[in-house]
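Content type mmCIF, C-alpha atoms, from the file input-v9.cif:
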data_target
loop_
_atom_site.label_atom_id
_atom_site.label_comp_id
_atom_site.auth_asym_id
_atom_site.auth_seq_id
_atom_site.Cartn_x
_atom_site.Cartn_y
_atom_site.Cartn_z
CA MET A 247 44.35 164.01 -76.84
CA ALA A 248 47.55 162.23 -75.86
CA ALA A 249 49.16 160.84 -72.73
CA ILE A 250 52.04 158.66 -71.63
CA GLY A 251 52.43 155.41 -69.69
CA VAL A 252 55.78 154.41 -68.16
CA HIS A 253 56.92 151.17 -66.60
CA LEU A 254 60.21 151.39 -64.72
CA GLY A 255 61.36 147.89 -63.87
CA CYS A 256 64.44 146.69 -62.03
CA THR A 257 66.39 145.94 -65.20
CA SER A 258 64.60 147.86 -67.94
CA ALA A 259 62.17 150.69 -68.63
CA CYS A 260 59.56 151.09 -71.33
CA VAL A 261 57.32 153.96 -72.42
CA ALA A 262 54.02 153.82 -74.30
CA VAL A 263 51.88 156.65 -75.62
CA TYR A 264 48.13 156.96 -75.96
CA LYS A 265 47.20 158.87 -79.09
CA ASP A 266 44.19 158.87 -81.43
CA GLY A 267 42.44 156.23 -79.37
CA ARG A 268 45.32 153.75 -79.44
CA ALA A 269 48.23 152.89 -77.16
CA GLY A 270 51.62 151.69 -78.35
CA VAL A 271 55.23 151.47 -77.22
CA VAL A 272 57.73 153.99 -78.56
CA ALA A 273 61.25 153.01 -79.61
CA ASN A 274 64.15 154.96 -78.13
CA ASP A 275 66.91 156.73 -80.07
CA ALA A 276 68.75 153.40 -80.51
CA GLY A 277 65.68 151.87 -82.13
CA ASP A 278 64.94 149.63 -79.14
CA ARG A 279 61.46 149.43 -77.63
CA VAL A 280 62.86 148.59 -74.20
CA THR A 281 65.61 150.65 -72.51
CA PRO A 282 68.01 149.20 -69.93
CA ALA A 283 67.35 150.86 -66.54
CA VAL A 284 71.06 151.56 -66.17
CA VAL A 285 72.86 154.85 -65.47
CA ALA A 286 76.63 155.23 -65.82
CA TYR A 287 78.63 158.18 -64.53
CA SER A 288 81.82 159.46 -66.09
CA GLU A 289 83.86 162.55 -65.32
CA ASN A 290 81.80 164.79 -67.58
CA GLU A 291 78.46 163.13 -68.25
CA GLU A 292 75.64 160.85 -67.16
CA ILE A 293 74.81 158.06 -69.59
CA VAL A 294 71.42 156.33 -69.57
CA GLY A 295 70.30 153.12 -71.23
CA LEU A 296 72.08 150.79 -73.62
CA ALA A 297 75.32 152.75 -73.77
CA ALA A 298 75.52 152.69 -69.96
CA LYS A 299 74.91 148.96 -69.90
CA GLN A 300 77.52 148.27 -72.56
CA SER A 301 80.16 150.31 -70.71
CA ARG A 302 79.66 148.54 -67.38
CA ILE A 303 82.54 146.09 -67.95
CA ARG A 304 85.10 148.91 -67.81
CA ASN A 305 83.13 151.26 -65.53
CA ILE A 306 81.33 148.89 -63.19
CA SER A 307 81.97 150.82 -59.96
CA ASN A 308 80.29 153.93 -61.39
CA THR A 309 77.39 152.14 -63.06
CA VAL A 310 74.04 152.03 -61.23
CA MET A 311 71.71 149.12 -61.96
CA LYS A 312 68.42 147.91 -60.45
CA VAL A 313 67.78 151.23 -58.70
CA LYS A 314 64.12 150.29 -58.25
CA GLN A 315 65.17 147.73 -55.65
CA ILE A 316 66.50 150.44 -53.32
CA LEU A 317 64.24 153.36 -54.21
CA GLY A 318 62.35 154.67 -51.17
CA ARG A 319 64.01 152.21 -48.78
CA SER A 320 66.10 152.86 -45.66
CA SER A 321 69.34 151.19 -44.62
CA ASP A 322 67.58 148.92 -42.10
CA ASP A 323 65.31 147.46 -44.79
CA PRO A 324 66.26 143.80 -45.48
CA GLN A 325 65.76 144.33 -49.23
CA ALA A 326 68.03 147.36 -49.16
CA GLN A 327 70.68 145.46 -47.20
CA LYS A 328 70.62 142.65 -49.78
CA TYR A 329 70.91 145.19 -52.59
CA ILE A 330 73.82 147.01 -50.93
CA THR A 331 75.70 143.73 -50.52
CA GLU A 332 75.26 142.77 -54.18
CA SER A 333 75.72 146.20 -55.80
CA LYS A 334 78.97 146.75 -57.69
CA CYS A 335 78.45 150.48 -57.22
CA LEU A 336 79.16 151.42 -53.60
CA VAL A 337 76.08 152.38 -51.55
CA ILE A 338 76.57 154.24 -48.27
CA GLU A 339 74.40 156.01 -45.72
CA LYS A 340 74.98 159.77 -45.67
CA ASN A 341 72.94 162.25 -43.61
CA GLY A 342 70.45 159.50 -42.81
CA LYS A 343 69.82 158.59 -46.45
CA LEU A 344 71.23 156.03 -48.82
CA ARG A 345 73.55 157.36 -51.52
CA TYR A 346 75.63 155.95 -54.35
CA GLU A 347 79.30 156.86 -54.02
CA ILE A 348 80.52 157.81 -57.48
CA ALA A 349 84.26 158.37 -58.00
CA THR A 350 85.09 159.85 -61.39
CA GLY A 351 88.54 161.32 -61.86
CA GLU A 352 89.57 163.30 -58.80
CA GLU A 353 86.00 164.03 -57.72
CA THR A 354 83.77 161.87 -55.50
CA LYS A 355 80.07 162.63 -55.51
CA PHE A 356 77.08 161.13 -53.73
CA VAL A 357 73.97 160.43 -55.76
CA ASN A 358 70.44 159.79 -54.45
CA PRO A 359 68.57 156.77 -55.85
CA GLU A 360 65.78 159.23 -56.72
CA ASP A 361 68.21 161.14 -58.96
CA VAL A 362 69.08 157.94 -60.79
CA ALA A 363 65.38 157.19 -61.32
CA ARG A 364 64.87 160.79 -62.48
CA LEU A 365 67.46 160.31 -65.24
CA ILE A 366 65.71 157.15 -66.43
CA PHE A 367 62.32 158.89 -66.40
CA SER A 368 63.88 161.78 -68.34
CA LYS A 369 64.99 159.27 -70.96
CA MET A 370 61.44 157.92 -71.14
CA LYS A 371 60.03 161.44 -71.50
CA GLU A 372 62.50 162.23 -74.27
CA THR A 373 61.48 159.02 -76.06
CA ALA A 374 57.77 159.82 -75.76
CA HIS A 375 58.30 163.37 -76.96
CA SER A 376 59.92 162.05 -80.14
CA VAL A 377 56.42 161.13 -81.33
CA LEU A 378 54.14 163.35 -79.24
CA GLY A 379 55.89 166.69 -79.00
CA SER A 380 57.38 168.39 -75.98
CA ASP A 381 54.11 169.80 -74.61
CA ILE A 382 52.67 166.40 -73.57
CA ASN A 383 53.74 165.42 -70.05
CA ASP A 384 50.69 163.71 -68.51
CA VAL A 385 51.74 160.24 -67.37
CA VAL A 386 50.60 157.17 -65.48
CA ILE A 387 53.39 155.28 -63.71
CA THR A 388 53.20 151.59 -62.82
CA VAL A 389 54.22 150.16 -59.45
CA PRO A 390 54.46 146.59 -58.10
CA PHE A 391 51.53 145.55 -55.94
CA ASP A 392 53.83 145.12 -52.93
CA PHE A 393 55.34 148.61 -53.13
CA GLY A 394 54.97 150.54 -49.88
CA GLU A 395 53.89 154.17 -49.60
CA LYS A 396 57.48 155.43 -49.26
CA GLN A 397 58.50 153.60 -52.42
CA LYS A 398 55.48 154.90 -54.32
CA HIS A 399 56.22 158.42 -53.13
CA ALA A 400 59.87 158.18 -54.18
CA LEU A 401 58.91 156.88 -57.62
CA GLY A 402 56.33 159.63 -58.12
CA GLU A 403 58.79 162.30 -56.95
CA ALA A 404 61.43 161.06 -59.39
CA ALA A 405 58.94 161.17 -62.27
CA GLY A 406 57.85 164.67 -61.26
CA ALA A 407 61.47 165.84 -61.09
CA ALA A 408 61.90 164.59 -64.66
CA GLY A 409 59.13 166.97 -65.75
CA PHE A 410 56.22 164.55 -65.83
CA ASN A 411 52.74 165.44 -64.57
CA VAL A 412 51.87 162.23 -62.72
CA LEU A 413 48.15 161.52 -63.08
CA ARG A 414 48.21 158.31 -61.11
CA LEU A 415 50.28 155.38 -59.95
CA ILE A 416 48.70 152.12 -61.11
CA HIS A 417 49.53 148.60 -59.98
CA GLU A 418 51.33 146.48 -62.56
CA PRO A 419 48.76 143.61 -62.59
CA SER A 420 45.92 146.05 -63.26
CA ALA A 421 47.90 147.67 -66.08
CA ALA A 422 48.39 144.22 -67.60
CA LEU A 423 44.61 143.62 -67.62
CA LEU A 424 43.94 147.04 -69.14
CA ALA A 425 46.39 146.33 -71.96
CA TYR A 426 44.19 143.44 -73.09
CA GLY A 427 40.93 145.27 -72.38
CA ILE A 428 39.91 142.66 -69.82
CA GLY A 429 36.70 143.74 -68.11
CA GLN A 430 36.39 146.74 -70.40
CA ASP A 431 35.18 144.98 -73.53
CA SER A 432 32.52 143.08 -71.54
CA PRO A 433 31.04 145.28 -68.76
CA THR A 434 29.11 142.42 -67.13
CA GLY A 435 30.11 139.01 -65.85
CA LYS A 436 32.84 137.71 -63.55
CA SER A 437 36.12 136.01 -64.38
CA ASN A 438 39.38 135.06 -62.68
CA ILE A 439 42.67 136.10 -64.26
CA LEU A 440 46.24 135.06 -63.44
CA VAL A 441 48.83 137.74 -64.17
CA PHE A 442 52.21 136.04 -64.66
CA LYS A 443 55.06 138.57 -64.63
CA LEU A 444 58.59 137.25 -65.03
CA GLY A 445 60.85 140.29 -64.98
CA GLY A 446 64.59 140.68 -64.82
CA THR A 447 64.98 140.02 -61.11
CA SER A 448 61.75 138.46 -59.82
CA LEU A 449 58.61 136.49 -60.53
CA SER A 450 55.37 138.24 -59.53
CA LEU A 451 52.05 136.41 -59.61
CA SER A 452 48.59 137.84 -59.02
CA VAL A 453 45.15 136.27 -59.11
CA MET A 454 42.65 138.94 -60.11
CA GLU A 455 38.87 138.86 -60.06
CA VAL A 456 37.21 140.94 -62.76
CA ASN A 457 33.56 141.68 -62.07
CA SER A 458 31.57 144.21 -64.11
CA GLY A 459 34.72 146.11 -65.01
CA ILE A 460 36.04 146.22 -61.45
CA TYR A 461 39.44 144.67 -60.69
CA ARG A 462 40.02 142.98 -57.37
CA VAL A 463 43.32 141.42 -56.31
CA LEU A 464 42.52 138.13 -54.61
CA SER A 465 46.04 136.91 -53.97
CA THR A 466 49.56 137.89 -54.92
CA ASN A 467 53.12 136.73 -54.36
CA THR A 468 56.62 137.75 -55.46
CA ASP A 469 59.68 135.50 -55.57
CA ASP A 470 63.02 137.30 -55.82
CA ASN A 471 64.84 134.03 -56.51
CA ILE A 472 63.40 133.60 -60.01
CA GLY A 473 63.96 136.18 -62.74
CA GLY A 474 65.44 136.72 -66.15
CA ALA A 475 68.88 137.28 -64.63
CA HIS A 476 68.77 133.76 -63.16
CA PHE A 477 68.20 132.26 -66.61
CA THR A 478 71.07 134.35 -67.96
CA GLU A 479 73.33 133.29 -65.09
CA THR A 480 72.54 129.62 -65.73
CA LEU A 481 73.51 129.95 -69.38
CA ALA A 482 76.65 131.95 -68.52
CA GLN A 483 77.77 129.22 -66.11
CA TYR A 484 77.34 126.66 -68.89
CA LEU A 485 79.45 128.77 -71.25
CA ALA A 486 82.14 129.04 -68.57
CA SER A 487 82.19 125.26 -68.22
CA GLU A 488 82.48 124.86 -71.99
CA PHE A 489 85.39 127.30 -72.06
CA GLN A 490 87.09 125.34 -69.29
CA ARG A 491 86.51 122.06 -71.14
CA SER A 492 88.07 123.46 -74.30
CA PHE A 493 90.91 125.59 -72.89
CA LYS A 494 91.52 124.20 -69.38
CA HIS A 495 90.95 127.59 -67.74
CA ASP A 496 88.24 128.23 -65.14
CA VAL A 497 87.08 131.83 -65.56
CA ARG A 498 84.34 131.70 -62.90
CA GLY A 499 86.53 133.64 -60.49
CA ASN A 500 87.36 136.33 -63.04
CA ALA A 501 84.76 139.13 -62.73
CA ARG A 502 85.59 140.72 -66.09
CA ALA A 503 85.40 137.43 -68.01
CA MET A 504 82.13 136.48 -66.31
CA MET A 505 80.63 139.87 -67.14
CA LYS A 506 81.47 139.24 -70.81
CA LEU A 507 79.88 135.80 -70.59
CA MET A 508 76.76 137.28 -68.95
CA ASN A 509 76.41 139.80 -71.77
CA SER A 510 76.79 137.07 -74.40
CA ALA A 511 74.40 134.76 -72.54
CA GLU A 512 71.74 137.47 -72.37
CA VAL A 513 71.89 138.04 -76.11
CA ALA A 514 71.73 134.30 -76.74
CA LYS A 515 68.78 133.90 -74.38
CA HIS A 516 66.79 136.49 -76.31
CA SER A 517 67.66 134.85 -79.63
CA LEU A 518 66.57 131.42 -78.42
CA SER A 519 63.02 132.72 -77.89
CA THR A 520 62.63 132.84 -81.67
CA LEU A 521 65.47 130.68 -83.06
CA GLY A 522 66.47 127.06 -82.60
CA SER A 523 70.08 127.91 -81.78
CA ALA A 524 72.31 130.87 -80.95
CA ASN A 525 76.01 131.45 -81.43
CA CYS A 526 78.11 132.98 -78.64
CA PHE A 527 81.40 134.48 -79.80
CA LEU A 528 83.66 136.38 -77.42
CA ASP A 529 86.81 138.11 -78.55
CA SER A 530 89.71 137.66 -76.09
CA LEU A 531 87.64 136.23 -73.27
CA TYR A 532 90.61 135.19 -71.15
CA GLU A 533 94.36 135.68 -71.65
CA GLY A 534 93.81 136.64 -75.29
CA GLN A 535 91.86 133.47 -76.07
CA ASP A 536 88.75 133.84 -78.25
CA PHE A 537 85.71 131.74 -77.44
CA ASP A 538 83.08 130.46 -79.86
CA CYS A 539 80.17 128.29 -78.71
CA ASN A 540 76.83 127.32 -80.25
CA VAL A 541 73.88 126.77 -77.90
CA SER A 542 70.70 125.01 -79.02
CA ARG A 543 67.27 125.82 -77.65
CA ALA A 544 67.01 122.23 -76.42
CA ARG A 545 70.25 122.66 -74.44
CA PHE A 546 69.01 125.95 -72.95
CA GLU A 547 65.71 124.36 -71.94
CA LEU A 548 67.51 121.46 -70.29
CA LEU A 549 69.83 123.78 -68.36
CA CYS A 550 66.94 125.94 -67.17
CA SER A 551 64.55 123.10 -66.38
CA PRO A 552 64.85 123.65 -62.58
CA LEU A 553 63.93 127.33 -63.05
CA PHE A 554 60.91 126.43 -65.19
CA ASN A 555 59.78 124.02 -62.49
CA LYS A 556 60.12 126.76 -59.86
CA CYS A 557 57.85 129.02 -61.93
CA ILE A 558 55.16 126.35 -62.24
CA GLU A 559 55.38 125.44 -58.57
CA ALA A 560 55.00 129.12 -57.66
CA ILE A 561 51.77 129.20 -59.66
CA ARG A 562 50.47 126.06 -57.96
CA LYS A 563 51.29 127.52 -54.56
CA LEU A 564 49.43 130.76 -55.30
CA LEU A 565 46.39 128.86 -56.54
CA ASP A 566 46.33 126.85 -53.32
CA GLN A 567 46.69 130.07 -51.35
CA SER A 568 43.71 131.50 -53.23
CA GLY A 569 41.59 128.38 -52.80
CA PHE A 570 41.46 127.93 -56.58
CA THR A 571 42.22 125.13 -59.00
CA ALA A 572 43.65 125.61 -62.48
CA ASP A 573 40.12 125.18 -63.90
CA ASP A 574 38.97 128.28 -61.98
CA ILE A 575 41.31 130.52 -64.00
CA ASN A 576 39.74 131.85 -67.20
CA LYS A 577 42.74 133.69 -68.63
CA VAL A 578 46.48 133.97 -68.05
CA VAL A 579 48.21 137.25 -68.94
CA LEU A 580 51.94 137.03 -69.65
CA CYS A 581 54.14 140.04 -68.96
CA GLY A 582 57.81 140.65 -68.26
CA GLY A 583 60.45 139.98 -70.91
CA SER A 584 61.42 136.50 -69.73
CA SER A 585 57.86 135.17 -70.05
CA ARG A 586 58.41 135.06 -73.82
CA ILE A 587 60.52 131.86 -73.42
CA PRO A 588 58.65 129.23 -75.52
CA ARG A 589 59.18 126.31 -73.14
CA LEU A 590 57.82 128.31 -70.22
CA GLN A 591 54.76 129.35 -72.20
CA GLN A 592 54.08 125.73 -73.11
CA LEU A 593 54.31 124.63 -69.47
CA ILE A 594 51.82 127.33 -68.49
CA LYS A 595 49.47 126.24 -71.29
CA ASP A 596 49.70 122.66 -70.04
CA LEU A 597 48.84 123.80 -66.51
CA PHE A 598 45.75 125.72 -67.70
CA PRO A 599 44.34 123.63 -70.60
CA ALA A 600 40.91 125.26 -70.29
CA GLY A 601 42.23 128.81 -69.86
CA GLU A 602 43.19 131.31 -72.52
CA LEU A 603 46.87 132.29 -72.64
CA LEU A 604 47.23 135.96 -73.62
CA ASN A 605 50.58 136.68 -75.26
CA SER A 606 49.73 138.57 -78.44
CA ILE A 607 51.32 141.74 -77.03
CA PRO A 608 55.10 141.46 -76.47
CA PRO A 609 55.34 140.62 -72.75
CA ASP A 610 57.74 143.47 -71.93
CA GLU A 611 55.31 145.95 -73.52
CA VAL A 612 52.09 144.84 -71.79
CA ILE A 613 52.41 146.88 -68.58
CA PRO A 614 53.41 150.25 -70.16
CA ILE A 615 50.63 149.89 -72.74
CA GLY A 616 48.12 149.38 -69.91
CA ALA A 617 49.50 152.45 -68.16
CA ALA A 618 49.12 154.52 -71.34
CA ILE A 619 45.50 153.36 -71.71
CA GLU A 620 44.77 154.40 -68.13
CA ALA A 621 46.41 157.78 -68.83
CA GLY A 622 44.17 158.20 -71.87
CA ILE A 623 41.11 157.44 -69.75
CA LEU A 624 42.10 159.96 -67.10
CA ILE A 625 42.78 162.87 -69.42
CA GLY A 626 39.82 162.13 -71.67
CA LYS A 627 37.00 161.84 -69.16
CA GLU A 628 36.47 163.47 -65.81
CA ASN A 629 33.28 161.45 -65.24
CA LEU A 630 33.26 157.70 -65.90
CA LEU A 631 29.84 156.02 -65.92
CA VAL A 632 29.28 152.39 -65.00
CA GLU A 633 28.53 151.61 -68.65
CA ASP A 634 31.76 153.25 -69.78
CA THR A 635 35.40 152.28 -69.40
CA LEU A 636 36.15 151.85 -65.70
CA MET A 637 38.98 150.38 -63.67
CA ILE A 638 38.89 150.19 -59.89
CA GLU A 639 41.50 148.32 -57.88
CA CYS A 640 40.41 146.54 -54.71
CA SER A 641 42.19 144.18 -52.36
CA ALA A 642 40.95 142.06 -49.50
CA LYS A 643 42.38 144.65 -47.12
CA ASP A 644 40.23 147.47 -48.50
CA ILE A 645 37.16 148.68 -46.62
CA LEU A 646 34.24 147.67 -48.89
CA VAL A 647 31.62 150.43 -49.31
CA LYS A 648 27.81 150.14 -49.38
CA VAL A 649 25.48 152.90 -50.62
CA VAL A 650 21.96 152.67 -49.11
CA LEU A 651 18.85 154.43 -50.46
CA GLN A 652 16.27 154.67 -47.68
CA ASP A 653 12.53 155.37 -47.43
CA LEU A 654 11.67 154.21 -50.94
CA ASP A 655 8.09 153.16 -51.74
CA LYS A 656 7.61 149.50 -52.52
CA LYS A 657 7.06 148.58 -56.16
CA GLU A 658 4.76 145.76 -57.23
CA ASN A 659 7.44 143.81 -59.07
CA GLY A 660 10.11 144.61 -56.48
CA LEU A 661 12.41 146.04 -59.17
CA ARG A 662 13.77 149.56 -59.24
CA ASP A 663 15.64 151.58 -61.82
CA ILE A 664 18.76 152.81 -59.99
CA LEU A 665 21.34 154.90 -61.81
CA ALA A 666 24.82 154.52 -60.33
CA VAL A 667 27.43 157.06 -61.40
CA LEU A 668 31.06 156.56 -60.47
CA THR A 669 33.33 159.57 -60.84
CA MET A 670 37.03 158.81 -60.73
CA LYS A 671 38.93 161.97 -59.79
CA ARG A 672 42.50 162.68 -60.82
CA ASP A 673 43.69 162.41 -57.22
CA GLY A 674 42.55 158.78 -57.20
CA SER A 675 39.42 159.30 -55.07
CA LEU A 676 36.15 157.71 -56.18
CA HIS A 677 32.79 159.50 -55.91
CA VAL A 678 29.76 157.16 -56.03
CA THR A 679 26.24 158.52 -56.59
CA CYS A 680 23.12 156.32 -56.64
CA THR A 681 19.81 157.82 -57.81
CA ASP A 682 16.36 156.21 -57.87
CA GLN A 683 14.98 157.10 -61.31
CA ASP A 684 11.34 157.03 -60.15
CA THR A 685 11.57 159.25 -57.06
CA GLY A 686 14.77 161.16 -57.69
CA LYS A 687 16.11 160.23 -54.25
CA CYS A 688 19.87 160.22 -54.20
CA GLU A 689 22.72 159.13 -51.95
CA ALA A 690 26.42 159.72 -52.51
CA ILE A 691 29.74 158.82 -50.92
CA THR A 692 33.36 159.67 -51.66
CA ILE A 693 36.07 157.04 -51.22
CA GLU A 694 39.33 158.82 -50.54
CA VAL A 695 42.73 157.55 -51.64
CA ALA A 696 44.26 155.23 -49.05
CA SER A 697 47.09 156.94 -47.17
#

In structure tokens, what does this structure look like?
Amino acid sequence: MAAIGVHLGCTSACVAVYKDGRAGVVANDAGDRVTPAVVAYSENEEIVGLAAKQSRIRNISNTVMKVKQILGRSSDDPQAQKYITESKCLVIEKNGKLRYEIATGEETKFVNPEDVARLIFSKMKETAHSVLGSDINDVVITVPFDFGEKQKHALGEAAGAAGFNVLRLIHEPSAALLAYGIGQDSPTGKSNILVFKLGGTSLSLSVMEVNSGIYRVLSTNTDDNIGGAHFTETLAQYLASEFQRSFKHDVRGNARAMMKLMNSAEVAKHSLSTLGSANCFLDSLYEGQDFDCNVSRARFELLCSPLFNKCIEAIRKLLDQSGFTADDINKVVLCGGSSRIPRLQQLIKDLFPAGELLNSIPPDEVIPIGAAIEAGILIGKENLLVEDTLMIECSAKDILVKVVLQDLDKKENGLRDILAVLTMKRDGSLHVTCTDQDTGKCEAITIEVAS
């Protein structure tokens, strides 16, 4: 029994497989466990992943990045308008739909965002098949909690076009809880969990209630002004100032030089999560001048202090919105690549001294691992009992359901033995059956998937 979990983020994608009772992330053909969600077009081919990202300096107008931000959106969507303004690859409206205008050689072609996502999903499928074999295509795909139905549909369609059999779309915060077995290892009891996801372009926070294996989203918020790219940009700006100090040239207005500095800053940022310093060397950064600069972790932390403060303030704001204090949170789950920054982790620990900080799984692998676990559950068991592994997502907007057994004889002690069976179908609907063990009386209800 095997299945696949895929997380397609704005800046990167990651695939995990469920096999032999365990879930784990699979490395791609470059040996990396995370693949840049970047597609580059040339005259004769479509390049996906690291090679596409590395070629963006010389092929920026034909390189598509952050496709998730525009997927399933229309031209009048404020998010889409912001994306179109910032995109280096031209986005136009053609026949009522948004398209990328790709000019390679003498030919100009128009590419749907769904086709870009399909290529990334195909890369994920190819990576999964390297360990599972080509006959395994069952997958669970993760989506942000604030994704609308059109965005979910577009994401599912792109995965299907890549050859996946999509079992379910699962919200990212729920996948994060599944990765750590929260609510599954202890079927009874209630706890409050903060899911802290700092991805490439945004910070997403969710307060989740876990009660007897059931997940309920109490409050959630996303800030598009805090993300890994903002930390990288801060470091790149520092490198530019150091270059100007040394060579009297301001390269901030030079797009090619700044792209080189962004690439170097990103590598340095990753290194500083494990090392005390990182060296940035750039060959011929500007007018043939090489640039060599060493950055300490202390310097990086000082530069990014305002961003760290924004992250902590965002947490405080969400807690207030939820009516909680820090002491009400039992566990904090870290996910998203940028949440591995040591200083940020320490600040979160300081904010929740009584809570448990979960970071044993690499943060950029947490969500796909949770998706793979959910996929394993779905293909392994058609019927899930209350006592067995169960994950149900609820929000305050959902219609809560009550099952009533009527006309039962009174018992002397007032206690009854009621068997509740919850059957989670592959289409996402939930069938609830309650049976009185003494009389055999039974009531059932089916909760359909929200449209």

Query raised in the report: Which value, in Å to one decimal, gives the distance between CA of Met370 (chain A) and CA of Ile416 (chain A)?
Result: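 These atoms are spaced 17.2 Å apart.
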
Query raised in the report: Written as a ChimeraX atom specification, which residues does the PyMOL selection byres ((chain A and resi 497) around 12) give for the file shown?
Result: /A:482-491,493-496,498-507,531-533,535,537

Query raised in the report: What does the distance between CA of Arg279 (chain A) and CA of Ala407 (chain A) come to in Å, to one decimal place?
Result: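 Value for the CA of Arg279 (chain A)-CA of Ala407 (chain A) distance: 23.3 Å.
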
Requested in this report: Quick one: apply the PyMOL selection byres ((chain A and resi 443-459) around 7) to the file and drop the selected residues here as a VMD selection string.
Outcome: chain A and resid 256 to 257 419 429 to 430 433 to 442 460 to 475 580 to 585 636 to 637

Query raised in the report: So what does the PyMOL selection byres ((chain A and resi 333-348) around 10) actually pick up in this one, as a PyMOL selection string?
Result: chain A and resi 286-289+302+305-313+316-321+326-332+349-351+353-362

Report task. Find the distance between CA of Ser517 (chain A) and CA of Thr478 (chain A) and write it in Å to one decimal. Result -> 12.2 Å

Query raised in the report: Leaving out region 543-546 of chain A and any residue of its chain fewer than 3 positions from it, which residues lie within 12 Å of it when counting all atoms listed in the file, given as a ChimeraX atom specification?
Result: /A:477-485,511-512,514-525,540,549-554,587-590

Query raised in the report: Could you pull the residues within 9 Å of Asn383 (chain A), counting all atoms listed in the file, minus those fewer than 3 positions along the same chain, as a list of chain:residue names?
Result: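 My list of contacting residues is A:Ala249, A:Ile250, A:Lys371, A:Ala374, A:His375, A:Ser380, A:Gly409, A:Phe410, A:Asn411, A:Val412.
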
Report task. Counting only C-alpha atoms, figure out which residue out of A:Leu597, A:Ser492, A:Ala259, A:Ile293 gets nearest to Asp538 (chain A). Result ->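 Looking at the shortest contact to Asp538 (chain A), the residue is A:Ser492.
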
**Report entry** Near-region 275-278 of chain A list (9 Å; only C-alpha atoms; drop same-chain fewer than 5 positions) as a list in words
**Finding:**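 Near region 275-278 of chain A, the qualifying residues are Leu296, Thr373 and Ser376 of chain A.
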
Query raised in the report: Which one is closest to Leu565 (chain A): A:Glu372, A:Ile623, A:Phe393, A:Phe598? Count all atoms listed in the file.
Result: A:Phe598

Report task. Find the spatial neighbours of region 606-617 of chain A, counting all atoms listed in the file, within a cut-off of 8 Å - ignore same-chain residues fewer than 2 positions away - and output them as a PyMOL selection string. Result -> chain A and resi 250-253+260-263+269-271+280+386-388+416+418-426+580-586+604+619-621

If the box runs along x, y and z of the file and leaves 4 Å on each side of region 317-329 of chain A, what are its centre and edge lengths in Å, one decimal, as JSON?
{"center_x": 66.6, "center_y": 148.7, "center_z": -48.2, "size_x": 16.6, "size_y": 20.0, "size_z": 20.1}

Report summary line: Judged by all atoms listed in the file, the minimum distance to Lys595 (chain A) among A:Ile558, A:Gly622, A:Ser301, A:Val541 is found for A:Ile558

Query - Contacts of Ala404 (chain A) at 8 Å (all atoms listed in the file; same-chain gap of 4+ positions) as a ChimeraX atom specification - result: /A:360-361,363-364,367,400,408

Query - Counting only C-alpha atoms, the residue of A:Ile594, A:Ala600, A:Leu528, A:Val377 that sits nearest Ala560 (chain A) - result: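 Of the candidates, the smallest distance to Ala560 (chain A) is held by A:Ile594.
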